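File shown: coords-v9.cif (mmCIF, C-alpha atoms and all ligand atoms).
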```
data_coords
#
loop_
_atom_site.group_PDB
_atom_site.id
_atom_site.type_symbol
_atom_site.label_atom_id
_atom_site.label_comp_id
_atom_site.auth_asym_id
_atom_site.auth_seq_id
_atom_site.Cartn_x
_atom_site.Cartn_y
_atom_site.Cartn_z
ATOM 1 C CA MET A 1 -66.720 67.578 22.298
ATOM 2 C CA ASN A 2 -63.539 68.297 24.242
ATOM 3 C CA ARG A 3 -61.787 71.636 24.461
ATOM 4 C CA ALA A 4 -58.980 70.598 22.103
ATOM 5 C CA ALA A 5 -61.433 69.628 19.359
ATOM 6 C CA GLU A 6 -63.331 72.900 19.835
ATOM 7 C CA GLN A 7 -60.109 74.832 19.360
ATOM 8 C CA GLN A 8 -59.244 72.798 16.267
ATOM 9 C CA ILE A 9 -62.619 73.629 14.755
ATOM 10 C CA ALA A 10 -62.126 77.301 15.562
ATOM 11 C CA THR A 11 -58.801 77.086 13.680
ATOM 12 C CA LEU A 12 -60.531 75.327 10.786
ATOM 13 C CA ALA A 13 -63.186 78.064 10.600
ATOM 14 C CA ARG A 14 -60.460 80.732 10.529
ATOM 15 C CA TRP A 15 -58.579 78.906 7.756
ATOM 16 C CA ILE A 16 -61.788 78.664 5.708
ATOM 17 C CA ASP A 17 -62.373 82.395 6.121
ATOM 18 C CA ASP A 18 -58.790 83.230 5.161
ATOM 19 C CA ALA A 19 -58.375 80.835 2.220
ATOM 20 C CA SER A 20 -58.904 81.963 -1.329
ATOM 21 C CA TYR A 21 -59.826 78.617 -2.946
ATOM 22 C CA VAL A 22 -61.307 75.888 -0.765
ATOM 23 C CA VAL A 23 -61.970 72.391 -2.084
ATOM 24 C CA GLY A 24 -63.844 69.691 -0.153
ATOM 25 C CA LEU A 25 -63.395 65.941 -0.554
ATOM 26 C CA THR A 26 -65.967 63.676 1.050
ATOM 27 C CA GLY A 27 -66.221 59.949 1.649
ATOM 28 C CA ALA A 28 -68.758 57.487 2.976
ATOM 29 C CA GLY A 29 -68.278 58.797 6.543
ATOM 30 C CA VAL A 30 -70.337 61.933 5.813
ATOM 31 C CA SER A 31 -73.380 59.766 5.076
ATOM 32 C CA THR A 32 -73.281 57.236 7.935
ATOM 33 C CA GLU A 33 -75.354 59.612 10.089
ATOM 34 C CA SER A 34 -77.938 59.571 7.290
ATOM 35 C CA GLY A 35 -78.214 55.802 7.776
ATOM 36 C CA ILE A 36 -75.971 54.651 4.904
ATOM 37 C CA PRO A 37 -73.211 52.356 6.161
ATOM 38 C CA ASP A 38 -69.665 53.092 5.001
ATOM 39 C CA PHE A 39 -67.414 50.363 3.631
ATOM 40 C CA ARG A 40 -64.765 49.771 6.213
ATOM 41 C CA SER A 41 -66.163 50.520 9.676
ATOM 42 C CA GLY A 42 -67.402 47.582 11.773
ATOM 43 C CA GLY A 43 -70.890 46.820 10.435
ATOM 44 C CA GLY A 44 -69.944 48.549 7.147
ATOM 45 C CA LEU A 45 -70.938 47.174 3.756
ATOM 46 C CA TRP A 46 -67.856 44.969 3.457
ATOM 47 C CA ALA A 47 -68.835 43.132 6.612
ATOM 48 C CA GLU A 48 -71.708 41.529 4.670
ATOM 49 C CA ALA A 49 -70.446 41.162 1.107
ATOM 50 C CA ASP A 50 -67.328 40.391 -0.859
ATOM 51 C CA PRO A 51 -66.236 43.574 -2.714
ATOM 52 C CA GLU A 52 -64.849 41.402 -5.536
ATOM 53 C CA LYS A 53 -68.380 40.104 -6.168
ATOM 54 C CA VAL A 54 -70.568 43.161 -5.612
ATOM 55 C CA ALA A 55 -68.298 46.106 -6.317
ATOM 56 C CA SER A 56 -66.019 45.080 -9.183
ATOM 57 C CA ILE A 57 -66.785 45.075 -12.885
ATOM 58 C CA GLY A 58 -65.479 41.495 -13.060
ATOM 59 C CA GLY A 59 -67.942 40.426 -10.348
ATOM 60 C CA PHE A 60 -70.805 42.222 -12.104
ATOM 61 C CA LEU A 61 -70.079 40.574 -15.475
ATOM 62 C CA ALA A 62 -69.615 37.120 -13.909
ATOM 63 C CA ASP A 63 -72.839 37.228 -11.899
ATOM 64 C CA PRO A 64 -75.125 40.210 -12.649
ATOM 65 C CA GLU A 65 -78.028 38.543 -10.796
ATOM 66 C CA GLY A 66 -75.904 38.252 -7.636
ATOM 67 C CA PHE A 67 -74.827 41.881 -8.033
ATOM 68 C CA TYR A 68 -78.478 42.979 -8.255
ATOM 69 C CA ARG A 69 -79.538 40.741 -5.362
ATOM 70 C CA PHE A 70 -77.099 42.663 -3.124
ATOM 71 C CA TRP A 71 -77.716 46.182 -4.510
ATOM 72 C CA GLY A 72 -81.467 45.592 -4.813
ATOM 73 C CA ARG A 73 -81.533 45.175 -1.011
ATOM 74 C CA LYS A 74 -79.303 48.230 -0.475
ATOM 75 C CA HIS A 75 -80.888 50.561 -3.018
ATOM 76 C CA PRO A 76 -83.830 51.673 -0.808
ATOM 77 C CA VAL A 77 -81.383 52.606 1.963
ATOM 78 C CA PHE A 78 -79.716 55.010 -0.471
ATOM 79 C CA THR A 79 -82.924 56.431 -2.000
ATOM 80 C CA ASP A 80 -84.665 56.946 1.363
ATOM 81 C CA ALA A 81 -81.673 58.650 3.022
ATOM 82 C CA GLN A 82 -81.847 62.346 3.823
ATOM 83 C CA PRO A 83 -78.942 64.792 4.150
ATOM 84 C CA ASN A 84 -77.501 65.308 7.619
ATOM 85 C CA VAL A 85 -75.783 68.290 9.196
ATOM 86 C CA ALA A 86 -72.505 67.559 7.367
ATOM 87 C CA HIS A 87 -74.178 67.778 3.935
ATOM 88 C CA ARG A 88 -76.085 70.887 4.996
ATOM 89 C CA VAL A 89 -73.032 72.733 6.337
ATOM 90 C CA LEU A 90 -71.133 71.931 3.122
ATOM 91 C CA ALA A 91 -74.036 73.276 1.033
ATOM 92 C CA GLU A 92 -74.112 76.432 3.149
ATOM 93 C CA LEU A 93 -70.346 76.890 2.757
ATOM 94 C CA GLU A 94 -70.816 76.805 -1.018
ATOM 95 C CA ALA A 95 -73.792 79.185 -0.889
ATOM 96 C CA ARG A 96 -71.687 81.703 1.061
ATOM 97 C CA GLY A 97 -68.804 81.477 -1.422
ATOM 98 C CA LEU A 98 -66.562 79.736 1.113
ATOM 99 C CA LEU A 99 -66.328 76.383 -0.722
ATOM 100 C CA HIS A 100 -65.401 76.409 -4.389
ATOM 101 C CA ALA A 101 -65.733 72.745 -5.332
ATOM 102 C CA LEU A 102 -66.865 69.560 -3.633
ATOM 103 C CA ILE A 103 -65.373 66.290 -4.794
ATOM 104 C CA THR A 104 -67.264 63.292 -3.492
ATOM 105 C CA GLN A 105 -66.565 59.591 -3.566
ATOM 106 C CA ASN A 106 -70.153 59.004 -2.498
ATOM 107 C CA ILE A 107 -72.732 57.595 -4.853
ATOM 108 C CA ASP A 108 -75.752 58.561 -2.740
ATOM 109 C CA GLY A 109 -76.517 62.019 -4.203
ATOM 110 C CA LEU A 110 -76.976 63.506 -0.713
ATOM 111 C CA HIS A 111 -74.826 66.567 -1.449
ATOM 112 C CA PHE A 112 -77.232 67.492 -4.257
ATOM 113 C CA LYS A 113 -80.225 66.773 -2.014
ATOM 114 C CA ALA A 114 -78.738 69.190 0.539
ATOM 115 C CA GLY A 115 -78.445 71.931 -2.088
ATOM 116 C CA SER A 116 -74.772 71.748 -3.100
ATOM 117 C CA GLU A 117 -74.302 72.448 -6.812
ATOM 118 C CA LYS A 118 -70.567 72.341 -7.478
ATOM 119 C CA VAL A 119 -70.356 68.615 -6.810
ATOM 120 C CA LEU A 120 -68.019 66.274 -8.680
ATOM 121 C CA GLU A 121 -69.143 62.657 -8.240
ATOM 122 C CA VAL A 122 -65.878 60.910 -8.996
ATOM 123 C CA HIS A 123 -67.249 57.412 -8.314
ATOM 124 C CA GLY A 124 -70.476 57.993 -10.223
ATOM 125 C CA SER A 125 -73.982 57.829 -8.832
ATOM 126 C CA LEU A 126 -76.632 55.336 -7.851
ATOM 127 C CA ARG A 127 -79.335 57.727 -9.129
ATOM 128 C CA THR A 128 -78.942 56.734 -12.783
ATOM 129 C CA ALA A 129 -78.174 53.623 -14.826
ATOM 130 C CA SER A 130 -77.097 52.864 -18.385
ATOM 131 C CA CYS A 131 -76.252 50.077 -20.810
ATOM 132 C CA ILE A 132 -72.615 49.033 -20.509
ATOM 133 C CA ALA A 133 -72.439 48.437 -24.295
ATOM 134 C CA CYS A 134 -74.225 51.387 -25.982
ATOM 135 C CA ARG A 135 -74.457 53.760 -22.934
ATOM 136 C CA ARG A 136 -78.214 54.257 -23.425
ATOM 137 C CA PRO A 137 -79.570 55.657 -20.120
ATOM 138 C CA GLU A 138 -82.247 53.662 -18.281
ATOM 139 C CA PRO A 139 -84.431 54.869 -15.381
ATOM 140 C CA ILE A 140 -82.879 53.505 -12.214
ATOM 141 C CA GLU A 141 -86.197 52.546 -10.594
ATOM 142 C CA SER A 142 -87.251 50.339 -13.520
ATOM 143 C CA VAL A 143 -83.772 48.806 -13.616
ATOM 144 C CA PHE A 144 -84.045 47.683 -9.986
ATOM 145 C CA GLU A 145 -87.629 46.553 -10.591
ATOM 146 C CA GLU A 146 -86.585 44.399 -13.577
ATOM 147 C CA ALA A 147 -83.630 43.110 -11.545
ATOM 148 C CA THR A 148 -86.029 41.377 -9.152
ATOM 149 C CA ARG A 149 -86.834 38.997 -12.065
ATOM 150 C CA ARG A 150 -83.694 38.929 -14.238
ATOM 151 C CA ALA A 151 -80.514 40.896 -14.931
ATOM 152 C CA PRO A 152 -81.701 44.095 -16.686
ATOM 153 C CA THR A 153 -80.776 44.447 -20.355
ATOM 154 C CA CYS A 154 -80.879 47.306 -22.834
ATOM 155 C CA MET A 155 -83.962 47.644 -25.050
ATOM 156 C CA THR A 156 -81.807 48.909 -27.922
ATOM 157 C CA CYS A 157 -78.817 46.577 -28.058
ATOM 158 C CA GLY A 158 -79.470 43.853 -25.463
ATOM 159 C CA GLY A 159 -76.356 44.767 -23.437
ATOM 160 C CA LEU A 160 -76.329 44.519 -19.645
ATOM 161 C CA VAL A 161 -77.574 47.568 -17.769
ATOM 162 C CA LYS A 162 -75.646 48.744 -14.718
ATOM 163 C CA PRO A 163 -76.129 51.579 -12.220
ATOM 164 C CA ASP A 164 -73.759 54.451 -13.104
ATOM 165 C CA VAL A 165 -71.470 53.772 -10.182
ATOM 166 C CA VAL A 166 -67.778 53.228 -10.781
ATOM 167 C CA LEU A 167 -66.867 49.662 -9.872
ATOM 168 C CA PHE A 168 -63.365 48.459 -9.041
ATOM 169 C CA GLY A 169 -61.642 47.800 -12.366
ATOM 170 C CA GLU A 170 -63.502 50.584 -14.207
ATOM 171 C CA MET A 171 -62.206 53.927 -15.458
ATOM 172 C CA LEU A 172 -63.135 57.010 -13.461
ATOM 173 C CA PRO A 173 -65.490 59.510 -15.148
ATOM 174 C CA PRO A 174 -64.411 62.962 -16.440
ATOM 175 C CA ALA A 175 -65.440 64.347 -13.038
ATOM 176 C CA PHE A 176 -62.180 62.960 -11.663
ATOM 177 C CA GLU A 177 -60.024 64.999 -14.026
ATOM 178 C CA ALA A 178 -62.158 68.031 -13.204
ATOM 179 C CA GLY A 179 -61.494 67.267 -9.510
ATOM 180 C CA GLN A 180 -57.738 67.167 -10.125
ATOM 181 C CA LYS A 181 -57.967 70.615 -11.727
ATOM 182 C CA GLU A 182 -59.892 71.944 -8.727
ATOM 183 C CA VAL A 183 -57.279 70.552 -6.349
ATOM 184 C CA ASP A 184 -54.530 72.241 -8.373
ATOM 185 C CA ARG A 185 -56.178 75.604 -7.601
ATOM 186 C CA ALA A 186 -56.742 74.930 -3.912
ATOM 187 C CA ASP A 187 -55.012 76.596 -1.007
ATOM 188 C CA LEU A 188 -57.152 74.613 1.441
ATOM 189 C CA LEU A 189 -58.296 71.000 0.981
ATOM 190 C CA LEU A 190 -60.865 69.732 3.494
ATOM 191 C CA VAL A 191 -61.348 65.969 3.684
ATOM 192 C CA PHE A 192 -64.447 64.731 5.501
ATOM 193 C CA GLY A 193 -65.299 61.123 6.361
ATOM 194 C CA SER A 194 -62.875 59.204 4.184
ATOM 195 C CA SER A 195 -60.363 56.505 5.044
ATOM 196 C CA LEU A 196 -58.444 57.655 1.918
ATOM 197 C CA GLU A 197 -57.742 54.054 1.044
ATOM 198 C CA VAL A 198 -59.326 54.109 -2.404
ATOM 199 C CA PHE A 199 -57.075 55.207 -5.252
ATOM 200 C CA PRO A 200 -56.678 57.222 -7.414
ATOM 201 C CA VAL A 201 -58.975 59.558 -5.450
ATOM 202 C CA ALA A 202 -56.706 59.351 -2.386
ATOM 203 C CA ASP A 203 -53.866 60.722 -4.548
ATOM 204 C CA LEU A 204 -55.681 64.063 -4.557
ATOM 205 C CA VAL A 205 -54.389 64.635 -1.024
ATOM 206 C CA PRO A 206 -50.633 64.502 -1.770
ATOM 207 C CA ARG A 207 -51.407 66.350 -5.018
ATOM 208 C CA ALA A 208 -52.908 69.205 -2.998
ATOM 209 C CA LYS A 209 -49.866 69.209 -0.725
ATOM 210 C CA GLN A 210 -47.609 69.470 -3.757
ATOM 211 C CA VAL A 211 -49.360 72.611 -4.973
ATOM 212 C CA GLY A 212 -48.918 74.157 -1.527
ATOM 213 C CA SER A 213 -52.443 73.662 -0.170
ATOM 214 C CA LYS A 214 -53.150 73.147 3.500
ATOM 215 C CA ILE A 215 -54.750 69.779 4.257
ATOM 216 C CA VAL A 216 -57.415 69.254 6.929
ATOM 217 C CA LEU A 217 -58.801 65.814 7.810
ATOM 218 C CA VAL A 218 -62.073 65.525 9.745
ATOM 219 C CA ASN A 219 -62.777 61.905 10.598
ATOM 220 C CA ARG A 220 -63.268 59.336 13.336
ATOM 221 C CA GLU A 221 -59.720 58.081 12.802
ATOM 222 C CA PRO A 222 -56.581 59.689 11.332
ATOM 223 C CA GLY A 223 -56.450 57.317 8.336
ATOM 224 C CA ALA A 224 -53.951 57.375 5.510
ATOM 225 C CA PHE A 225 -52.131 60.670 4.880
ATOM 226 C CA ALA A 226 -52.337 61.814 8.512
ATOM 227 C CA GLY A 227 -48.581 62.412 8.156
ATOM 228 C CA ILE A 228 -49.049 65.238 5.650
ATOM 229 C CA ALA A 229 -52.135 66.840 7.209
ATOM 230 C CA ASP A 230 -51.875 70.346 8.653
ATOM 231 C CA LEU A 231 -54.835 69.772 10.961
ATOM 232 C CA ILE A 232 -56.668 66.604 12.001
ATOM 233 C CA VAL A 233 -60.008 66.902 13.760
ATOM 234 C CA LEU A 234 -60.860 63.542 15.288
ATOM 235 C CA GLY A 235 -64.474 62.815 16.185
ATOM 236 C CA GLU A 236 -67.984 62.326 14.910
ATOM 237 C CA LEU A 237 -68.780 64.361 11.832
ATOM 238 C CA GLY A 238 -72.254 65.421 12.945
ATOM 239 C CA GLU A 239 -70.897 67.080 16.065
ATOM 240 C CA ALA A 240 -67.857 68.525 14.307
ATOM 241 C CA MET A 241 -69.878 69.977 11.429
ATOM 242 C CA HIS A 242 -72.506 71.396 13.745
ATOM 243 C CA ARG A 243 -69.735 73.157 15.647
ATOM 244 C CA LEU A 244 -68.095 74.354 12.417
ATOM 245 C CA GLY A 245 -71.410 75.820 11.260
ATOM 246 C CA ARG A 246 -71.739 77.691 14.542
ATOM 247 C CA GLU A 247 -68.144 78.973 14.372
ATOM 248 C CA LEU A 248 -68.897 80.359 10.914
ATOM 249 C CA GLY A 249 -72.100 82.016 12.102
ATOM 250 C CA PHE A 250 -74.575 79.776 10.288
ATOM 251 C CA GLU A 251 -77.980 80.164 11.882
ATOM 252 C CA ARG A 252 -79.273 76.606 11.739
HETATM 253 P P1 LIG B 301 -64.515 54.255 3.889
HETATM 254 O O1 LIG B 301 -65.608 53.389 4.369
HETATM 255 O O2 LIG B 301 -63.253 53.632 3.437
HETATM 256 O O3 LIG B 301 -64.128 55.302 5.054
HETATM 257 C C1 LIG B 301 -65.079 56.016 5.777
HETATM 258 C C2 LIG B 301 -64.349 56.751 6.899
HETATM 259 O O4 LIG B 301 -65.291 57.556 7.562
HETATM 260 C C3 LIG B 301 -63.733 55.818 7.944
HETATM 261 O O5 LIG B 301 -62.426 56.263 8.245
HETATM 262 C C4 LIG B 301 -64.672 55.954 9.154
HETATM 263 O O6 LIG B 301 -64.017 55.805 10.377
HETATM 264 C C5 LIG B 301 -65.182 57.360 8.967
HETATM 265 N N1 LIG B 301 -66.507 57.602 9.528
HETATM 266 C C6 LIG B 301 -67.647 56.881 9.333
HETATM 267 N N2 LIG B 301 -68.697 57.470 9.941
HETATM 268 C C7 LIG B 301 -68.194 58.579 10.557
HETATM 269 C C8 LIG B 301 -68.788 59.602 11.368
HETATM 270 N N3 LIG B 301 -70.086 59.592 11.671
HETATM 271 N N4 LIG B 301 -67.992 60.583 11.838
HETATM 272 C C9 LIG B 301 -66.650 60.603 11.560
HETATM 273 N N5 LIG B 301 -66.047 59.667 10.787
HETATM 274 C C10 LIG B 301 -66.819 58.676 10.290
HETATM 275 O O7 LIG B 301 -65.134 55.181 2.749
HETATM 276 P P2 LIG B 301 -64.422 56.059 1.627
HETATM 277 O O8 LIG B 301 -63.130 56.572 2.127
HETATM 278 O O9 LIG B 301 -65.448 56.976 1.115
HETATM 279 O O10 LIG B 301 -64.016 55.065 0.445
HETATM 280 C C11 LIG B 301 -64.692 53.936 0.062
HETATM 281 C C12 LIG B 301 -65.702 53.980 -1.084
HETATM 282 O O11 LIG B 301 -66.938 53.864 -0.458
HETATM 283 C C13 LIG B 301 -65.894 55.161 -1.959
HETATM 284 O O12 LIG B 301 -65.471 54.825 -3.202
HETATM 285 C C14 LIG B 301 -67.438 55.355 -2.044
HETATM 286 O O13 LIG B 301 -67.855 55.332 -3.398
HETATM 287 C C15 LIG B 301 -67.973 54.150 -1.397
HETATM 288 N N6 LIG B 301 -69.186 54.213 -0.566
HETATM 289 C C16 LIG B 301 -70.064 55.228 -0.692
HETATM 290 C C17 LIG B 301 -71.172 55.271 0.137
HETATM 291 C C18 LIG B 301 -72.130 56.416 -0.052
HETATM 292 O O14 LIG B 301 -72.354 56.863 -1.176
HETATM 293 N N7 LIG B 301 -72.711 56.917 1.037
HETATM 294 C C19 LIG B 301 -71.372 54.305 1.113
HETATM 295 C C20 LIG B 301 -70.439 53.252 1.210
HETATM 296 C C21 LIG B 301 -69.347 53.236 0.365
#
```
Please lay out the structure from this file as structure tokens.
Ligand code: NAD
Amino acid sequence: MNRAAEQQIATLARWIDDASYVVGLTGAGVSTESGIPDFRSGGGLWAEADPEKVASIGGFLADPEGFYRFWGRKHPVFTDAQPNVAHRVLAELEARGLLHALITQNIDGLHFKAGSEKVLEVHGSLRTASCIACRRPEPIESVFEEATRRAPTCMTCGGLVKPDVVLFGEMLPPAFEAGQKEVDRADLLLVFGSSLEVFPVADLVPRAKQVGSKIVLVNREPGAFAGIADLIVLGELGEAMHRLGRELGFER
């Protein structure tokens, strides 16, 4: 890590200490070092599948078997993944009262695995599944097991069963509105590992700016909204978060 980045992280640590309400927003970039590919980087998920087919509600309804063929291969990558230093530092920030809410676009549950509690999963989760017609919950493992033979259906009403992830074309869950309320209270918004290309979540960034919050982006590339950021830390998240933890006096 170069000197400039070290100084930026020292500034970030000072801002965290001084802020009164800190909100985090994470994207797929925080989990790549746990072995889960993001969407848009080279070698990301979109390099091997058409988002229209495997990540939209229209694609799911048109070809549920195809949807499950793709996600059935990916599911073990998500369930086997373990939190990395970024998840752990964010959990520690919350435990020390330095992070008041964590909005995540990720569906991998790694923030919970790392010990974070105030997590808002605005794109849902791959840990649970339910019937798209009657909302009856179904255990995710048996859903993926059944999907190896046929598209899983609900025992009660016969409707299609889908993992509780938000697909393109679907409404966002109540967690999103809760996230908007958190952002409205923030005086510091920290964005980690997101290209900020997916809306309406990306709108949280200008929303924070409007309420007078500072914006910090920590990512491999500046991405959208670099123009309104107060601080941009460019680099690998593992290294940056490790350094941030040290700046804040975390032991491990
Ligand atoms: P994205 O793929 O659009 O952007 C990820 C960003 O993180 C990119 O700018 C990339 O350069 C950066 N990045 C990747 N690894 C990094 C690292 N080690 N250090 C620093 N930067 C790194 O992802 P997004 O913005 O979250 O939006 C796309 C959607 O992807 C979200 O809706 C989310 O639900 C979904 N998604 C989630 C997972 C997951 O749960 N882990 C995985 C893939 C996609």
Notebook entry, point to check: In Å, how far is it from atom CA of A:Val166 to atom CA of A:Gln105?
Noted result: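 About the pair atom CA of A:Val166 and atom CA of A:Gln105: they are 9.7 Å apart.
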Note to self: Neighbouring residues of ligand LIG 301 (chain B) are defined here as those with any atom at most 7 Å from a ligand atom, counting all atoms listed in the file; list them as a ChimeraX atom specification.
What the structure shows: /A:26-33,36-41,45,105-108,123,193-198,218-221,223,235-238
Note to self: What would the selection look like, as a VMD selection string, if the PyMOL selection byres (((chain A and resi 201) around 12) and not hetatm) were run on the coordinates I just shared?
What the structure shows: chain A and resid 25 to 27 103 to 106 120 to 123 171 to 173 175 to 180 183 191 194 to 200 202 to 208
Checklist line | Separation of atom CA of A:Met1 from atom CA of A:His242 in Å | finding: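 These two atoms are separated by 11.0 Å.
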Compile a residue-level contact table for stretch 110-208 of chain A against stretch 64-88 of chain A at a cut-off of 10 Å, reporting for every qualifying residue the shortest atom pair and its distance in Å to one decimal, with all atoms listed in the file counted, rows ordered by chain and ascending number, as a tab-separated table.
```
residue	atom	partner	partner_atom	distance
A:Leu110	CA	A:Pro83	CA	5.4
A:His111	CA	A:His87	CA	5.6
A:Phe112	CA	A:His87	CA	8.7
A:Lys113	CA	A:Pro83	CA	6.6
A:Ala114	CA	A:Arg88	CA	5.5
A:Gly115	CA	A:Arg88	CA	7.5
A:Ser116	CA	A:His87	CA	8.1
A:Leu126	CA	A:Phe78	CA	8.0
A:Arg127	CA	A:Thr79	CA	8.1
A:Ile140	CA	A:His75	CA	9.9
A:Glu141	CA	A:His75	CA	9.5
A:Val143	CA	A:Tyr68	CA	9.5
A:Phe144	CA	A:Gly72	CA	6.1
A:Glu145	CA	A:Gly72	CA	8.5
A:Glu146	CA	A:Tyr68	CA	9.8
A:Ala147	CA	A:Tyr68	CA	6.1
A:Thr148	CA	A:Arg69	CA	7.5
A:Arg149	CA	A:Glu65	CA	8.9
A:Arg150	CA	A:Glu65	CA	6.6
A:Ala151	CA	A:Glu65	CA	5.4
A:Pro152	CA	A:Pro64	CA	8.6
A:Leu160	CA	A:Pro64	CA	8.3
A:Val161	CA	A:Pro64	CA	9.3
A:Lys162	CA	A:Pro64	CA	8.8
A:Pro163	CA	A:Trp71	CA	9.5
A:Phe192	CA	A:Ala86	CA	8.7
A:Gly193	CA	A:Ala86	CA	9.7
```
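With distances taken over all atoms listed in the file, A:Leu217 is the one residue among A:Ala240, A:Leu217, A:Ile232, A:Leu93 lying closest to A:Leu189.
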Next item on the list: Find the residues around stretch 6-21 of chain A up to 10 Å (all atoms listed in the file counted), leave out those fewer than 3 positions away in its own chain, and share them as a PyMOL selection string.
Entry: chain A and resi 1-3+93+97-101+182-190+213-214+216+218+231-234+240-241+243-249
Restrict the selected residues to C-alpha atoms and save them as a tab-separated table (two decimals), keeping the file's coordinate frame.
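Result file is selection_36.tsv:
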```tsv
chain	number	residue	atom	x	y	z
A	1	MET	CA	-66.72	67.58	22.30
A	2	ASN	CA	-63.54	68.30	24.24
A	3	ARG	CA	-61.79	71.64	24.46
A	93	LEU	CA	-70.35	76.89	2.76
A	97	GLY	CA	-68.80	81.48	-1.42
A	98	LEU	CA	-66.56	79.74	1.11
A	99	LEU	CA	-66.33	76.38	-0.72
A	100	HIS	CA	-65.40	76.41	-4.39
A	101	ALA	CA	-65.73	72.74	-5.33
A	182	GLU	CA	-59.89	71.94	-8.73
A	183	VAL	CA	-57.28	70.55	-6.35
A	184	ASP	CA	-54.53	72.24	-8.37
A	185	ARG	CA	-56.18	75.60	-7.60
A	186	ALA	CA	-56.74	74.93	-3.91
A	187	ASP	CA	-55.01	76.60	-1.01
A	188	LEU	CA	-57.15	74.61	1.44
A	189	LEU	CA	-58.30	71.00	0.98
A	190	LEU	CA	-60.86	69.73	3.49
A	213	SER	CA	-52.44	73.66	-0.17
A	214	LYS	CA	-53.15	73.15	3.50
A	216	VAL	CA	-57.42	69.25	6.93
A	218	VAL	CA	-62.07	65.53	9.74
A	231	LEU	CA	-54.84	69.77	10.96
A	232	ILE	CA	-56.67	66.60	12.00
A	233	VAL	CA	-60.01	66.90	13.76
A	234	LEU	CA	-60.86	63.54	15.29
A	240	ALA	CA	-67.86	68.53	14.31
A	241	MET	CA	-69.88	69.98	11.43
A	243	ARG	CA	-69.74	73.16	15.65
A	244	LEU	CA	-68.10	74.35	12.42
A	245	GLY	CA	-71.41	75.82	11.26
A	246	ARG	CA	-71.74	77.69	14.54
A	247	GLU	CA	-68.14	78.97	14.37
A	248	LEU	CA	-68.90	80.36	10.91
A	249	GLY	CA	-72.10	82.02	12.10
```
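Rounded to one decimal, atom CA of A:Pro137 and atom CA of A:Ile57 lie 18.1 Å from each other.
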Around all of stretch 71-81 of chain A's listed atoms, make the axis-aligned box with 4 Å on each side and tell me centre and edge lengths in Å to one decimal, as AutoDock Vina command-line options.
```
--center_x -81.2 --center_y 51.9 --center_z -0.9 --size_x 14.9 --size_y 21.5 --size_z 15.8
```
Check: Given the choices A:Glu170, A:Lys118, A:Arg96, A:Gly24, which gets closest to A:Ile132 if the distance is worked out from all atoms listed in the file?
Finding: A:Glu170
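Once the PyMOL selection byres (((chain A and resi 135) around 12) and not hetatm) is applied to this file, the selection holds Thr128, Ala129, Ser130, Cys131, Ile132, Ala133, Cys134, Arg136, Pro137, Glu138, Thr153, Cys154, Met155, Thr156, Cys157, Gly158, Gly159, Leu160, Val161, Lys162, Pro163 and Asp164 of chain A.
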Next item on the list: Run the PyMOL selection byres (((chain A and resi 51) around 12) and not hetatm) on the file and write out the hits as an MDAnalysis selection string.
Entry: chainID A and resid 39:40 44:50 52:60 67 70:71 167:169
Notebook entry, point to check: For A:Pro174, which residue out of A:Ser142, A:Gly124, A:Ile215, A:Val23 is the nearest one, using only C-alpha atoms?
Noted result: A:Gly124
Notebook entry, point to check: Taking all atoms listed in the file into account, which of A:Val22, A:Gly109, A:Leu61, A:Val211 comes nearest A:Glu94?
Noted result: A:Val22
